[in-house]
Every structure is written in structure tokens, then in C-alpha cells.
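Undergrad: This is the structure I want to talk about, given as C-alpha cells.
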Amino acid sequence: MRRIVNLRTMLVVALCEIAMILALLLSERYVFAGILLATLLCLTLSVIGIVSFKISLKACIAAFVALAVCIFTCVSFEVRLHTYYDISPESDVTYRVEGAVESVTEDEGMVQYAVLSDVRVDSRKVRGNVRVVLADSVAETSLPIGCKMTVTGCLYVIRLIDGMQVNGSSYRNNLRYVLYASSENFVLEDAKVGFLVGIRTKLYHKLRQACGEEYGSIAYCMLTGDKNELGERTYRIYSMSGIGHVLAVSGLHVGILSVLLLWILRKLHVPKLPRILIVSIALVVYAVFVGMPASVVRSIIMCVIAMLVLLHGRQKDTLSALCLACSVILLAEPFLLFEVGFLMSFGAVYGLTLFSRTFDKAFHRIHFPGWIAKPLSATMSVHLGILPTTAYFFHSIPTYSMLFNILLLPIVSLTFTVLVIVLPIALLCRFDLLLRICVSGFAFSDAIVGIVSYLPGNSVYIYGHATLFLLYPLYFLIGKFFLLPQKHKCLVSSGISLLCCILAIVPTLATYRMPKEIRYSVIPVNSYGDVTSVIVDDQVTVLGDVKDTVALKTVLEANRIRKIDVIILNRLTESIGKNLAAFVHDYHVGKIVCTVEGTEVAGISALGGYKRLYMYEDAELSRVTPVFAGNRQAGYLYEFSSQISLLSVGYSSRYSILSDEICNRAPIIRCFMYLNEKPDRIYLTNMPTAYLGAVPYKQFGLADYGTYIYKVFSGEVLGYKVV
């Protein structure tokens with residue numbers, strides 16, 4: 001009988017492990033269904049193992065290995081879930097939190113929030129990191145990395161699972177709690193900096209000193225994967241060009257390091273086995289240094305397997321190595337299955353393994369030059385592999401990504417190699433000239449990717465529904481491991497390509513229609529220092545500060561909103577103008593409106609070529625009225641009906657300073673925090689419920705709900721997304 005599948009044992013194991021994790025996640029919402037599916041999976045594997053004992057030893061081994069991995073993964077999942085929080089904080093209790101400042105996120109020189117590690121809560125050691133959100137502005141320079149912070153305030157857990165959604169980003173960064181406080185409630189002390197933090201700090205300052213502020217930050221980011229010090233403009237243009245992966249430590253960096261180390265050791269005539277041991281140890285040390293991201297762990301496992309296979313003179317099997325790495329990582333950290341970095345890393349190698357040889361042969365048939373065919377085949381394969389993940393998490397695909405990857409990857413790889421070689425010399429000998437050699441590579445890459453923001457149609461919007469991940473098993477059917485006759489494979493490939501288009505296009509087109517379930521509602525945008533709302537009425541209005549467009553995108557994408565009729569700004573500063581200039585590339589925005597009092601010349605200039613900017617007096621907005629405290633604009637009054645209005649005040653404004661005439665027109669107030677005044681209103685706030693002790697008639701805080709939807713006419717609150 002002719003084989004139709006060139007199957008691998010580790011592929012079966014990895015697929016069963018992923019199925020078990022999905023069943024366990026389902027059990028968190030639908031207990032009976034999830035447990036039933038997990039039990040059926042284990043029983044099926046047991047039956048296959050027993051039945052195939054005398055028929056196929058390979059199938060028997062695969063079934064029992066998969067069963068064992070599924071059982072251990074189940075234990076790991078439950079242990080991780082039920083031991084994730086050491087404490088269950090109460091909402092009306094003030095906690096004292098101590099920890100070392102690990103990172104600081106700032107906007108225009110002012111702190112948005114800080115992340116604390118090595119945390120103690122009321123003198124009790126707890127696992128995980130705490131995000132500290134301050135109720136008022138603090139200069140970035142007043143929070144040095146590594147210092148000890150003691151802060152008191154309201155503590156909340158960051159939910160790991162909400163319904164069927166897993167907060168993969170917080171899990172990856174070990175963020176388990178969020179604390180809200182004011183700048184009066186924290187003190188700083190000098191603390192002994194840890195060994196790794198000390199090395200990273202010295203490395204950061206050395207690179208900035210030698211390569212300049214911008215290129216030094218890029219070099220530091222490429223070496224450590226730490227994007228906190230990277231400028232927003234740099235991160236944006238690298239992402240738009242599709243080569244943002246070079247700014248995160250990934251398989252590319254591990255591959256360059258391993259090849260470089262192997263070459264050096266070979267030149268030193270080190271025997272093969274010690275050579276492999278030295279390289280493996282060096283890669284593990286590097287992984288610890290950069291924080292053990294899943295992409296690096298995956299690369300190291302596959303690299304070590306490849307070296308051991310070559311040591312024994314056998315041919316490496318990339319798919320089996322990939323599946324083994326996947327199983328090992330998920331066995332230890334099952335929730336990484338829902339983290340974007342993990343999915344991007346494995347998707348890229350999966351696509352490369354399945355399709356690169358096929359594309360290469362196709363280009364060879366049409367007589368493409370080899371020096372173009374091979375990189376083009378690899379790039380197309382990787383893009384196919386990451387397509388479902390990119391569409392689902394980022395809702396856009398960089399149009400010129402393949403072109404920029406082919407042009408810049410050789411240059412970036414060479415620059416990174418030179419950087420790795422000269423960095424130890426520069427650190428030991430304090431000789432910065434060698435490091436400055438790398439500046440030319442960074443400058444050239446920066447100049448090329450800088451072009452992308454001026455190119456028309458630099459990204460294609462796609463609303464990626466979760467069903468897009470079905471493409472991964474479908475890819476296998478058209479890959480080299482599924483041994484169909486060529487005529488059948490062409491038919492299957494055409495069908496899957498058509499299905500891919502349907503899965504991408506239909507949900508995307510649906511986002512241009514206003515979702516009925518969120519009609520007549522206010523959706524507060526969850527962001528520190530930014531009081532912004534998405535108001536869905538007969539049209540979609542974005543109203544408020546609009547400083548954090550990333551948080552705004554998250555809300556729009558979660559609610560399948562693609563078209564915005566009008567953005568109404570409290571102020572138009574240079575920073576807000578720059579953010580909106582990038583935002584309007586990705587979203588259809590009918591017009592942007594601001595009052596004369598809130599508009600700065602630098603803000604208009606920062607918007608660049610955007611032509612639909614209106615002053616409030618010329619915009620003809622019937623439902624929106626600006627409100628003032630003296631000569632200063634405080635926000636807007638939005639009328640849903642003659643009886644129900646929303647008063648929205650900015651982050652730097654207080655509703656309490658407005659006249660009673662204005663406040664009496666608004667039963668709903670959207671503001672940063674409740675101020676113990678006018679308790680008979682409904683408050684939609686950034687801060688937690690009853691943060692200052694008193695409780696209004698009704699208050700809905702982002703700290704309690706994450707991103708939520710407030711239905712204006714019914715008063716219903718729809719919780720939608722984890723914090």
C-alpha cells in the first residue's frame with residue numbers, strides 16, 4: 001500500500017499536546033466539554049498504542065509517548081494555573097509593595113508605569129512582577145532602573161485567563177499584579193544591582209556612548225531583545241517594513257552566534273564533541289542573559305539537535321526537531337501556546353520546513369538565478385508560516401515585507417556578526433572605534449526602512465479570526481510531507497489557497513460594518529494617562545486625549561471596528577500629531593477635529609499630509625459640545641439623547657471644576673478618577689472602583705474590568721478582554 005503521509009513521531013506528540021492544552025483551556029469555561037475532550041484524547045491514544053503494539057512498533061511508541069506528554073502537560077497546566085497567584089488582594093485594602101525597578105515606560109519624559117521584580121507584598125515574598133501605575137506624573141529620570149521602590153496603593157491581579165482568552169503577553173513578562181498609587185505614596189532607595197542587570201546596564205551605556213543614542217539603542221535591542229529603550233519611530237518603521245524580528249532576539253541571532261562559535265572552535269582545532277558542548281553552554285548562557293524567550297529556547301534546542309545529528313553523520317530532520325522543541329517548551333510552559341512570540345517563531349520555521357524546497361524547485365524550473373531564488377523561497381515560506389499569527393495578533397500584513405527582508409537581512413546579519421565580534425574587544429580594551437564600524441550598517445538599514453512610511457499601501461489590513469490557525473494543519477496537506485500525486489496536490493493546494501483567502505477576506509469585510517451588539521455604547525480605552533473613549537452611536541466617534549494609539553487599536557480590533565467617522569481631540573500636540581499620522585495609515589478616519597484653543601502649530605505640522613483636519617467650529621458636529629473651565633478647555637459633552645449625555649474630561653482636567661449647569665446635563669461622566677464629588681452620577685474611570693475611599697452611585701473602572709463596553713441606554717456592562 002502506497003504511503004500518503006511521511007509522518008514523524010514527534011509531530012504526533014506535538015499535535016496531541018496542543019490538543020490537550022486547548023481542551024484544558026476549554027474546561028476553564030465549559031468544564032464538562034473540556035474534561036470530556038481531554039479524556040477522549042487520552043483514551044484514543046491508549047487504544048492506538050495497544051492495538052498497534054504488534055502491527056507497528058513506531059505507531060505504538062508514538063501513541064504512548066504522546067499519552068505520557070499529554071498527561072504531564074495536563075499536570076503542568078493545572079499546577080501553573082492554580083499556583084499562579086500567591087495572594088488574592090482585596091479591592092478596598094491598601095497594600096505595601098516593595099521591589100526592584102526592572103523597567104520604566106514613559107511618554108514625553110513622564111512615567112506611564114514601572115514594573116517591579118523581586119516583589120514583597122506586606123513583607124511577604126510573592127512570585128511574579130507588579131506593574132505600578134501612578135495617578136500623577138513623575139519624571140522618568142526619578143525612577144532609575146535597579147533602584148528599590150516601596151509603594152502603597154490598591155492591588156489587583158492581572159487575570160491570566162478570561163473566558164477563552166489567555167493573557168499571553170503578561171504571562172511572557174511574568175506580570176501578575178497591577179498596583180495603583182500616587183507619587184506621594186512611594187519612596188526610592190539605592191539597591192545593589194543584580195549581576196545580569198549590571199552587565200546589561202554597562203552594555204547599554206557602552207553601546208549608546210560608542211554608536212550614538214539611536215543606533216546604540218538598536219544595537220542593544222538586537223543583542224538583548226529589550227525594546228524599552230527603543231524609540232517609537234524606529235520600532236514602528238521596522239515593523240511596517242516587516243523586519244521587526246531583527247529587533248527581537250530570535251533564531252536568526254542564535255544561528256549567527258552558533259555558526260560563529262563553531263567556526264572559531266574549528267579554527268582552534270577543538271574536537272567535535274567538546275566543540276558542541278562549548279557552543280551549547282554558550283547558547284544557554286546567552287539565553288539566560290536575554291531572559292529565556294521562547295524563540296531563543298526553540299532555536300537552541302534545534303541547534304543542539306542539529307549538531308548532535310551531524311556528529312553522528314546522519315541527516316537532520318528539521319520538522320522532528322521543531323516538534324521536539326515545541327513539546328519540551330509547552331511541557332514546561334503550556335500557556336506559551338497563546339503568546340505571539342512563541343507562535344511567530346514556530347510558525348516561521350514550520351513554513352520554512354514545509355515550503356522552501358517546493359518554492360526553490362518552482363523558481364528553478366522558470367530559470368530564476370539561484371542567488372535570487374533561494375532567499376526569495378525562504379522569505380515566501382516564512383511569510384506563509386507566520387501569516388495566521390500576524391493576521392490574528394496584528395491585524396495587518398506589511399506589503400513590502402518580502403522585499404525588505406531580501407534586501408536587508410544580509411546587511412543586518414553581517415552587522416550583528418561584526419557587533420558580536422568587536423563588542424568583547426571594545427569592553428575589555430575600552431576601544432570604541434571598532435564599535436563605530438557597526439554604525440554604518442545600522443545607518444544603512446535605518447535609511448532603507450525609513451522609506452517604507454512614504455510608500456503607498458505599506459500595509460494591508462486583515463481581521464484575523466481564530467479560525468485562521470486552521471491553516472497550520474492545512475499547510476501540512478500541501479507540504480512536502482504529504483505524499484499526494486502531483487495532480488491531486490495541485491487541486492488540494494488550490495482549494496486551500498481559496499480557503500485561506502476566504503478566512504482572511506470575509507472577517508475583514510465584516511469589520512467595515514458596525515457591530516450591532518455594541519450599538520449605543522461607550523468603550524473606554526485602557527491606558528495610563530489617557531482618557532479616551534470609543535463611542536458607538538449612529539457612527540463611530542473616538543473622543544478624548546488620544547495619546548496612546550496602540551491601546552486605541554487594541555480596543556478597535558477587539559470589537560471589529562475598522563472605520564472611524566471622527567476623532568475629536570482634547571488637544572493636538574506634536575506628540576499626538578505624530579501618533580495620529582501613523583494611525584491614519586492603518587485605519588479609515590473620516591476627519592479629525594480639535595478646538596482652536598487645544599490646537600498647537602507643531603501638532604498640525606506633525607500630522608503631515610493628512611488633509612481632513614477641522615477646527616470644531618467648521619466641523620458641523622451636532623451632538624458634541626466642548627466644555628471649558630474658565631478659558632481652558634476641559635473636555636466635551638456628547639449627547640446620546642435629550643436626556644442622556646456623556647461628560648468626557650481629559651487626563652489633566654477635573655470634572656469638579658466645571659459648572660453645575662454642565663455637570664447636571666450629564667448623568668454619565670468619563671474621567672480619570674472619581675473625586676468624591678457628585679456621587680449621584682455613573683462614572684467610567686481609569687482608576688479602580690472607590691480608589692479614594694468613597695463610593696459613587698455607580699462606578700466602572702478599567703482596573704476592575706479590563707477593556708469593557710458600557711451600554712448607555714440599558715446601563716449594562718459587557719466585560720470583553722483581560723487587562
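Naming scheme: A, B, ... for chains in displayed order of the C-alpha cells; residues 1 onward per chain; ligands 1 onward as shown.
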Just the residues within 12 Å of A:Leu552, please, counting only C-alpha atoms, with nothing from its chain fewer than 2 positions along; format it as a PyMOL selection string.

TA: chain A and resi 523-528+530-534+541-550+554-559+561-562+564+567+579-580+583+587+707

Undergrad: Could you check how far atom CA of A:Ile437 sits from atom CA of A:Gly255, in Å to one decimal?

TA: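 Separation of atom CA of A:Ile437 and atom CA of A:Gly255: 22.0 Å.
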
Undergrad: Compile the contact shell of stretch 76-78 of chain A as a short mmCIF file (atom, residue, chain, number, x, y, z; two decimals) with C-alpha atoms, in the first residue's frame: residues with an atom at most 10 Å away, counting only C-alpha atoms, same-chain residues fewer than 3 positions apart removed.

TA:
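Wrote result.cif, looks like this:
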```cif
data_model
loop_
_atom_site.label_atom_id
_atom_site.label_comp_id
_atom_site.auth_asym_id
_atom_site.auth_seq_id
_atom_site.Cartn_x
_atom_site.Cartn_y
_atom_site.Cartn_z
CA MET A 20 -4.66 18.69 25.26
CA ILE A 21 -3.82 22.32 26.10
CA LEU A 24 -7.84 22.20 29.21
CA LEU A 25 -8.46 25.82 28.25
CA CYS A 70 -0.32 14.85 27.38
CA ILE A 71 -0.59 13.67 30.99
CA PHE A 72 2.47 15.64 32.10
CA THR A 73 1.26 18.69 30.17
CA LEU A 81 -2.85 27.88 36.74
CA HIS A 82 -3.64 27.17 40.38
CA THR A 83 -0.31 28.39 41.79
CA TYR A 84 -0.06 31.48 39.59
CA LEU A 330 4.98 23.52 26.18
CA LEU A 331 5.60 20.76 28.69
CA ALA A 332 7.27 23.32 30.96
CA GLU A 333 5.21 26.40 29.97
CA PRO A 334 1.86 25.34 28.42
CA PHE A 335 0.46 28.91 28.39
#
```

Undergrad: Compile a residue-level contact table for stretch 599-623 of chain A against stretch 634-655 of chain A at a cut-off of 12 Å, reporting for every qualifying residue the shortest atom pair and its distance in Å to one decimal, with only C-alpha atoms counted, rows ordered by chain and ascending number, as a tab-separated table.

TA:
```
residue	atom	partner	partner_atom	distance
A:Tyr616	CA	A:Tyr636	CA	11.1
A:Leu621	CA	A:Tyr638	CA	10.1
A:Ser622	CA	A:Glu639	CA	8.8
A:Arg623	CA	A:Glu639	CA	5.2
```

Undergrad: May I have the residues from that selection written out with C-alpha atoms, as a PDB file, in the first residue's frame?

TA:
```pdb
ATOM      1  CA  TYR A 616     -14.504  72.408  15.879  1.00  0.00           C
ATOM      2  CA  LEU A 621     -20.812  68.255  14.882  1.00  0.00           C
ATOM      3  CA  SER A 622     -24.388  68.271  16.142  1.00  0.00           C
ATOM      4  CA  ARG A 623     -24.025  66.012  19.209  1.00  0.00           C
TER       5      ARG A 623
END
```

Undergrad: Would you please extract all strand (DSSP E) residues from stretch 371-571 of chain A, as assigned by DSSP on the backbone, and give them as a PyMOL selection string?

TA: chain A and resi 396-398+459-461+521-524+532-536+540-544+563-569

Undergrad: Could you pull the residues within 8 Å of A:Val121, counting only C-alpha atoms, minus those fewer than 2 positions along the same chain, as a PyMOL selection string?

TA: chain A and resi 95-98+119+123-126

Undergrad: Can those selected residues be exported to a file as a PDB file, in the first residue's frame so that it contains N, CA and C atoms?

TA:
```
ATOM      1  N   TYR A  95      -2.202  48.074  50.093  1.00  0.00           N
ATOM      2  CA  TYR A  95      -1.085  47.154  50.262  1.00  0.00           C
ATOM      3  C   TYR A  95       0.239  47.889  50.140  1.00  0.00           C
ATOM      4  N   ARG A  96       1.221  47.371  50.844  1.00  0.00           N
ATOM      5  CA  ARG A  96       2.582  47.909  50.788  1.00  0.00           C
ATOM      6  C   ARG A  96       3.426  46.952  49.953  1.00  0.00           C
ATOM      7  N   VAL A  97       3.927  47.445  48.837  1.00  0.00           N
ATOM      8  CA  VAL A  97       4.668  46.608  47.889  1.00  0.00           C
ATOM      9  C   VAL A  97       6.100  47.111  47.778  1.00  0.00           C
ATOM     10  N   GLU A  98       7.053  46.180  47.871  1.00  0.00           N
ATOM     11  CA  GLU A  98       8.467  46.509  47.706  1.00  0.00           C
ATOM     12  C   GLU A  98       9.021  45.697  46.541  1.00  0.00           C
ATOM     13  N   VAL A 119       9.532  40.894  44.251  1.00  0.00           N
ATOM     14  CA  VAL A 119       8.475  41.643  44.926  1.00  0.00           C
ATOM     15  C   VAL A 119       8.137  41.056  46.298  1.00  0.00           C
ATOM     16  N   SER A 123       5.517  42.668  53.238  1.00  0.00           N
ATOM     17  CA  SER A 123       6.687  41.922  53.746  1.00  0.00           C
ATOM     18  C   SER A 123       6.662  40.439  53.383  1.00  0.00           C
ATOM     19  N   ARG A 124       5.705  40.005  52.585  1.00  0.00           N
ATOM     20  CA  ARG A 124       5.638  38.602  52.164  1.00  0.00           C
ATOM     21  C   ARG A 124       6.158  38.469  50.747  1.00  0.00           C
ATOM     22  N   LYS A 125       7.095  37.570  50.554  1.00  0.00           N
ATOM     23  CA  LYS A 125       7.668  37.337  49.234  1.00  0.00           C
ATOM     24  C   LYS A 125       6.622  36.700  48.317  1.00  0.00           C
ATOM     25  N   VAL A 126       6.423  37.300  47.126  1.00  0.00           N
ATOM     26  CA  VAL A 126       5.472  36.746  46.159  1.00  0.00           C
ATOM     27  C   VAL A 126       6.164  36.564  44.820  1.00  0.00           C
TER      28      VAL A 126
END
```

Undergrad: Can you list every residue in stretch 226-475 of chain A that DSSP puts in alpha helix (DSSP H), as a ChimeraX atom specification?

TA: /A:232-240,251-267,272-289,294-311,318-332,340-365,370-394,401-429,433-449,471-475

Undergrad: Name the residues in contact with A:Leu384 at a cut-off of 9 Å, using only C-alpha atoms, excluding same-chain residues fewer than 5 positions from it; report them as a compact mmCIF listing (two decimals) with N, CA and C atoms, in the first residue's frame.

TA:
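Final output, saved to part-v2.txt:
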```txt
# COMPACT_ATOMS: atom_id res chain seq x y z
N GLY A 347 5.94 29.24 13.82
CA GLY A 347 5.30 29.36 12.52
C GLY A 347 6.31 29.62 11.41
N ALA A 348 7.30 30.45 11.69
CA ALA A 348 8.32 30.78 10.69
C ALA A 348 9.10 29.54 10.27
N GLY A 351 6.80 27.01 8.33
CA GLY A 351 6.64 27.38 6.93
C GLY A 351 7.89 27.13 6.12
N LEU A 352 9.04 27.46 6.71
CA LEU A 352 10.32 27.25 6.02
C LEU A 352 10.54 25.76 5.73
N PHE A 355 7.76 24.51 2.87
CA PHE A 355 7.59 25.10 1.54
C PHE A 355 8.86 25.57 0.85
N THR A 379 12.03 33.46 2.14
CA THR A 379 11.20 34.57 2.62
C THR A 379 9.72 34.27 2.42
N TYR A 475 -1.75 23.52 5.92
CA TYR A 475 -0.45 23.67 5.26
C TYR A 475 0.23 22.31 5.08
```

Undergrad: May I ask for the distance between atom CA of A:Ala378 and atom CA of A:Cys500, given in Å to one decimal place?

TA: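 Atom-to-atom, atom CA of A:Ala378 to atom CA of A:Cys500, that is 20.1 Å.
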
Undergrad: Between atom CA of A:Asn676 and atom CA of A:Ala181, what distance in Å does the model show, to one decimal?

TA: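 Separating atom CA of A:Asn676 from atom CA of A:Ala181 is a distance of 16.7 Å.
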